[in-house]
Structures are given as C-alpha cells and as structure tokens.
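K.L.:
Quick one: this structure, given as structure tokens, is what I'll be asking you about.
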Amino acid sequence: MRAGFALDALLYRGRKPPPLPQSASIATPLGPVRVLDTGGSLPPVVLVPDGPNLIEHYATLVERLRAERRVVVLDLPGFGFSFPQARYEHRLEQGGAVILAVLAALDLRVATLVCTCVNGFYAIAAARLDADQSGPARIARLVLAQTPSLADMRGWTHRIVPRVAHLPVLGQLLHFSQRRRVAMGWYHAALARREDRPRFKETAAKAFDAGACFCLPSVVQGVSRESEWPELLQGVTLPTTLVWGAADRSHKPSDPAGIRRHLPQAVVLVWAHCGHFPDLEDEAAFAALLLGSV
C-alpha cells in the first residue's frame with residue numbers, strides 16, 4: 001500500500017502553489033502545508049476543507065468571520081496545493097499531527113477547529129493528541145460537519161467511492177488522470193441546490209488548471225487500514241457541535257447522531273436545506289454558528 005502513497009508524491013512532485021493573499025507554506029514533520037491566515041490577535045478559528053474543496057472555496061466564509069475572528073484555512077496533504085509526500089499515508093495520527101503542527105507554527109491557542117467529512121476524524125485525533133501533550137491545550141472546541149460514525153464512514157466509502165480507488169497504485173494512477181471529472185461529478189451529486197454547482201465547480205476547475213491535487217484514493221486507502229481508529233477516536237471531551245446536511249443523498253443511510261459513538265457530548269444540528277457541504281452551502285448560518293461558539 002505504501003507504493004500508492006509514494007506514487008502520489010511522484011505524480012505531484014515539483015509543483016508549486018499559486019500565490020494567495022495572506023497565504024504561506026508551513027513546514028510540518030509530514031511535509032509542507034498551504035495555509036491562509038488573516039492574522040491578528042482575535043480568537044482563532046481553524047478551517048480544514050473537504051476535498052475537492054480547497055482554501056479558495058472558503059473566501060466568502062473567511063470574509064464573514066474575519067472582523068471578529070482570526071481565520072486560518074489549511075489544505076491537508078494531498079488536497080488543494082498541499083502536495084503529498086511519500087511518508088504521508090493519511091493515517092489518523094498523521095492528519096492530527098499536521099493540524100497541531102500548523103497551530104504550533106502560528107502559535108494558536110484556544111482555537112475552534114472546524115473540519116468536515118473524514119477530516120472530522122483527523123480533528124478528533126488532533127484534539128486527542130493535543131490533550132496528551134504537556135502544556136496548555138491549543139484546541140478548545142470542535143465544530144464538525146457531515147462526519148458520521150466510523151462505521152457509517154466506512155460504509156459510505158464502500159458505497160460511494162469507486163472500487164478501483166481502493167486499490168493501491170492502480171487507484172492513484174487512474175484517479176490522477178480523472179480527478180477533474182470525479183470532482184465535477186461529485187459536486188453534481190453532493191450539493192443540495194443545482195444553483196450552487198457553478199461556484200463550486202468553477203473554483204475547483206481553476207485550481208486543477210493550476211495543478212491542484214485531489215488524492216481521494218490515498219485517503220480512502222488510509223481510512224480502510226486504520227485498525228486503531230476506534231481507540232484513537234475515544235476520550236475527547238471538548239465541546240463539540242456537528243452540523244448535518246440532510247439533503248446529502250450520499251449519506252442517506254448514515255445516522256446524523258452517529259458521531260456520538262465517539263463524542264457523546266456532541267450537539268447535532270440537522271440542516272434540511274444543505275447537502276454534503278453545509279459549511280459552504282449556507283455560509284451565513286455557518287458563520288453565525290462559529291461566531292456564537294467561541
């Protein structure tokens with residue numbers, strides 16, 4: 001399986017991210033990560049896009065928040081313009097470590113961490129690692145969206161993701177040549193409103209034209225191998241809110257309250273008008289939620 005992750009690194013080797021106002025590349029033990037940071041001393045909110053979304057998709061949400069929050073948006077390795085390294089295998093503790101490394105590099109404390117879909121599991125891991133470290137905690141609250149239980153996530157992966165994507169090397173190779181088509185098809189299926197499709201697709205298309213990555217097979221393969229996940233997803237007691245888009249057809253069999261298997265304290269909000277990306281499908285409501293949660 002490691003050969004698949006190494007192939008991703010080879011396919012994206014030598015690419016450089018386009019310039020973005022207030023962005024930087026932050027070195028982490030698992031490779032460089034592209035980050036947008038509005039700066040300042042306001043309470044921090046850290047957002048992690050769910051691929052094929054990337055930092056650029058969050059421009060409007062950032063503008064809604066920046067007057068009252070220091071806003072940080074980061075692309076995890078293998079997505080957007082955080083190009084993957086061979087040693088990054090999308091393991092739970094690796095994703096959590098990357099998030100914590102960015103928070104440490106920016107000296108962020110008492111941050112609200114906002115993650116969606118599978119990234120919600122990386123958020124829980126980051127909180128668990130944060131609590132296990134010596135010194136003051138950096139993460140004070142979790143806000144998740146479209147993150148089900150681990151069992152429902154694995155069911156979703158096998159139901160929605162093409163079987164070839166589960167195959168090391170072949171999955172990475174075929175997806176690389178088809179990543180734009182896969183992304184556009186996913187927006188067509190995942191969004192609740194037809195009128196939202198153009199803005200999602202246009203932003204993603206510009207990113208792909210500039211060389212953005214979307215390493216879906218690798219994260220799928222990383223998820224499927226995580227026998228230790230049930231243990232690592234327990235023990236986090238931070239205040240947590242989960243927003244669930246009920247119009248997400250891909251998650252129809254999933255239980256919106258399933259996250260409570262891992263975070264019993266989670267408050268679950270079901271938004272009937274949103275699909276797979278409630279944070280971006282209703283940016284006004286999501287910004288209001290974040291501004292009221294710190």
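FYI, nothing fancy with the structure tokens labels: chains A, B, ... in order, residues from 1 per chain, ligands from 1 as they appear.
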Could you pull out the residues in segment 195-249 of chain A that DSSP calls alpha helix (DSSP H) from the backbone, as a list in words?

P.N.:
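Restricting segment 195-249 of chain A to alpha helix (DSSP H) produces Arg197, Pro198, Arg199, Phe200, Lys201, Glu202, Thr203, Ala204, Ala205, Lys206, Ala207, Phe208, Asp209, Leu216, Pro217, Ser218, Val219, Val220, Gln221, Gly222, Val223, Ser224, Trp229, Pro230, Glu231 and Leu232 of chain A.
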
K.L.:
Determine which residues of segment 117-262 of chain A receive a DSSP assignment of strand (DSSP E or B), computed from the backbone, and state them as a PyMOL selection string.

P.N.:
chain A and resi 139-145+213-214+240-245

K.L.:
May I ask which of the residues A:Leu106, A:Leu74, A:Val114, A:Leu291 is the closest one to Ala127 of chain A, counting only C-alpha atoms?

P.N.:
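The shortest atom-to-atom distance to Ala127 of chain A comes from A:Val114.
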
K.L.:
With a distance cut-off of 7 Å and only C-alpha atoms, select the neighbouring residues of Val33 of chain A, excluding the residue or stretch itself and same-chain residues fewer than 6 positions from it, and output the selection as a list in words.

P.N.:
Ser25, Ile26, Ala27, Leu74, Asp75, Leu76, Pro77 and Ser82 of chain A

K.L.:
Excluding segment 184-195 of chain A and any residue of its chain fewer than 5 positions from it, enumerate the residues within 8 Å of it, using only C-alpha atoms, and give them as a ChimeraX atom specification.

P.N.:
/A:200-201,247-250,273-277,281

K.L.:
What lies within 7 Å of Leu30 of chain A using only C-alpha atoms, ignoring chain neighbours under 5 positions off, as a PyMOL selection string?

P.N.:
chain A and resi 87-88+98

K.L.:
Put those residues in a file: all heavy atoms, as an mmCIF file, in the first residue's frame.

P.N.:
```cif
data_model
loop_
_atom_site.group_PDB
_atom_site.id
_atom_site.type_symbol
_atom_site.label_atom_id
_atom_site.label_comp_id
_atom_site.auth_asym_id
_atom_site.auth_seq_id
_atom_site.Cartn_x
_atom_site.Cartn_y
_atom_site.Cartn_z
ATOM 1 N N ARG A 87 5.893 9.892 2.658
ATOM 2 C CA ARG A 87 5.750 9.400 4.029
ATOM 3 C C ARG A 87 4.372 9.697 4.623
ATOM 4 O O ARG A 87 4.047 9.201 5.702
ATOM 5 C CB ARG A 87 6.832 10.003 4.918
ATOM 6 C CG ARG A 87 6.797 11.514 5.057
ATOM 7 C CD ARG A 87 7.989 12.009 5.853
ATOM 8 N NE ARG A 87 8.042 13.457 5.996
ATOM 9 C CZ ARG A 87 8.556 14.273 5.101
ATOM 10 N NH1 ARG A 87 9.057 13.783 3.971
ATOM 11 N NH2 ARG A 87 8.598 15.584 5.301
ATOM 12 N N TYR A 88 3.582 10.495 3.922
ATOM 13 C CA TYR A 88 2.240 10.796 4.425
ATOM 14 C C TYR A 88 1.264 9.751 3.908
ATOM 15 O O TYR A 88 1.015 9.656 2.704
ATOM 16 C CB TYR A 88 1.794 12.191 4.000
ATOM 17 C CG TYR A 88 0.504 12.625 4.680
ATOM 18 C CD1 TYR A 88 0.510 13.001 6.018
ATOM 19 C CD2 TYR A 88 -0.700 12.639 3.992
ATOM 20 C CE1 TYR A 88 -0.665 13.381 6.661
ATOM 21 C CE2 TYR A 88 -1.875 13.020 4.627
ATOM 22 C CZ TYR A 88 -1.858 13.390 5.956
ATOM 23 O OH TYR A 88 -3.014 13.760 6.585
ATOM 24 N N VAL A 98 -0.452 16.907 11.694
ATOM 25 C CA VAL A 98 -0.305 18.027 10.762
ATOM 26 C C VAL A 98 -1.090 19.235 11.264
ATOM 27 O O VAL A 98 -0.590 20.369 11.274
ATOM 28 C CB VAL A 98 -0.765 17.616 9.350
ATOM 29 C CG1 VAL A 98 -0.929 18.853 8.460
ATOM 30 C CG2 VAL A 98 0.231 16.658 8.719
#
```

K.L.:
Could you list, with a cut-off of 12 Å and counting only C-alpha atoms, the residues of segment 49-119 of chain A near segment 239-244 of chain A, each shown with its nearest atom pair and the distance in Å rounded to one decimal, rows sorted by chain and ascending number, as a Markdown table?

P.N.:
```
| residue | atom | partner | partner_atom | distance |
| --- | --- | --- | --- | --- |
| A:Ala111 | CA | A:Pro239 | CA | 11.9 |
| A:Thr112 | CA | A:Thr240 | CA | 9.6 |
| A:Leu113 | CA | A:Thr240 | CA | 9.7 |
| A:Val114 | CA | A:Thr241 | CA | 9.5 |
| A:Cys115 | CA | A:Leu242 | CA | 9.6 |
| A:Thr116 | CA | A:Val243 | CA | 9.0 |
| A:Cys117 | CA | A:Trp244 | CA | 9.9 |
```

K.L.:
Go ahead and dump the residues you just picked, N, CA and C atoms, as a PDB file, in the first residue's frame.

P.N.:
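Dumped to part.pdb:
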```pdb
ATOM      1  N   ALA A 111      -8.206  27.592  20.173  1.00  0.00           N
ATOM      2  CA  ALA A 111      -8.763  27.669  18.831  1.00  0.00           C
ATOM      3  C   ALA A 111     -10.002  26.793  18.702  1.00  0.00           C
ATOM      4  N   THR A 112     -10.926  27.240  17.847  1.00  0.00           N
ATOM      5  CA  THR A 112     -12.022  26.400  17.403  1.00  0.00           C
ATOM      6  C   THR A 112     -11.567  25.702  16.126  1.00  0.00           C
ATOM      7  N   LEU A 113     -11.620  24.379  16.119  1.00  0.00           N
ATOM      8  CA  LEU A 113     -11.183  23.596  14.970  1.00  0.00           C
ATOM      9  C   LEU A 113     -12.414  23.122  14.213  1.00  0.00           C
ATOM     10  N   VAL A 114     -12.469  23.446  12.925  1.00  0.00           N
ATOM     11  CA  VAL A 114     -13.637  23.177  12.095  1.00  0.00           C
ATOM     12  C   VAL A 114     -13.244  22.228  10.970  1.00  0.00           C
ATOM     13  N   CYS A 115     -13.812  21.031  10.982  1.00  0.00           N
ATOM     14  CA  CYS A 115     -13.479  20.032   9.966  1.00  0.00           C
ATOM     15  C   CYS A 115     -14.747  19.345   9.479  1.00  0.00           C
ATOM     16  N   THR A 116     -14.729  18.878   8.228  1.00  0.00           N
ATOM     17  CA  THR A 116     -15.899  18.243   7.643  1.00  0.00           C
ATOM     18  C   THR A 116     -15.556  16.875   7.090  1.00  0.00           C
ATOM     19  N   CYS A 117     -16.591  16.029   7.006  1.00  0.00           N
ATOM     20  CA  CYS A 117     -16.489  14.678   6.452  1.00  0.00           C
ATOM     21  C   CYS A 117     -15.366  13.910   7.149  1.00  0.00           C
TER      22      CYS A 117
END
```

K.L.:
Would you compute the distance between atom CA of Glu89 of chain A and atom CA of Gly211 of chain A? Give it in Å to one decimal.

P.N.:
20.7 Å

K.L.:
Determine, counting only C-alpha atoms, which protein, DNA and RNA residues have an atom within 12 Å of an atom of Thr203 of chain A; residues of the same chain fewer than 5 positions away are not included. Present the result as a count of residues only.

P.N.:
20

K.L.:
So that I can check the surroundings of Gly14 of chain A, please list as a ChimeraX atom specification every protein, DNA and RNA residue that reaches within 12 Å of it, counting only C-alpha atoms and ignoring chain neighbours fewer than 3 positions away.

P.N.:
/A:9-11,17,81-85,211

K.L.:
Could you check how far atom CA of Ala3 of chain A sits from atom CA of Asn119 of chain A, in Å to one decimal?

P.N.:
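These two atoms are separated by 22.9 Å.
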
K.L.:
Rounded to one decimal, what separation in Å do you get between atom CA of Ser23 of chain A and atom CA of Asp37 of chain A?

P.N.:
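Atom CA of Asp37 of chain A lies 6.1 Å from atom CA of Ser23 of chain A.
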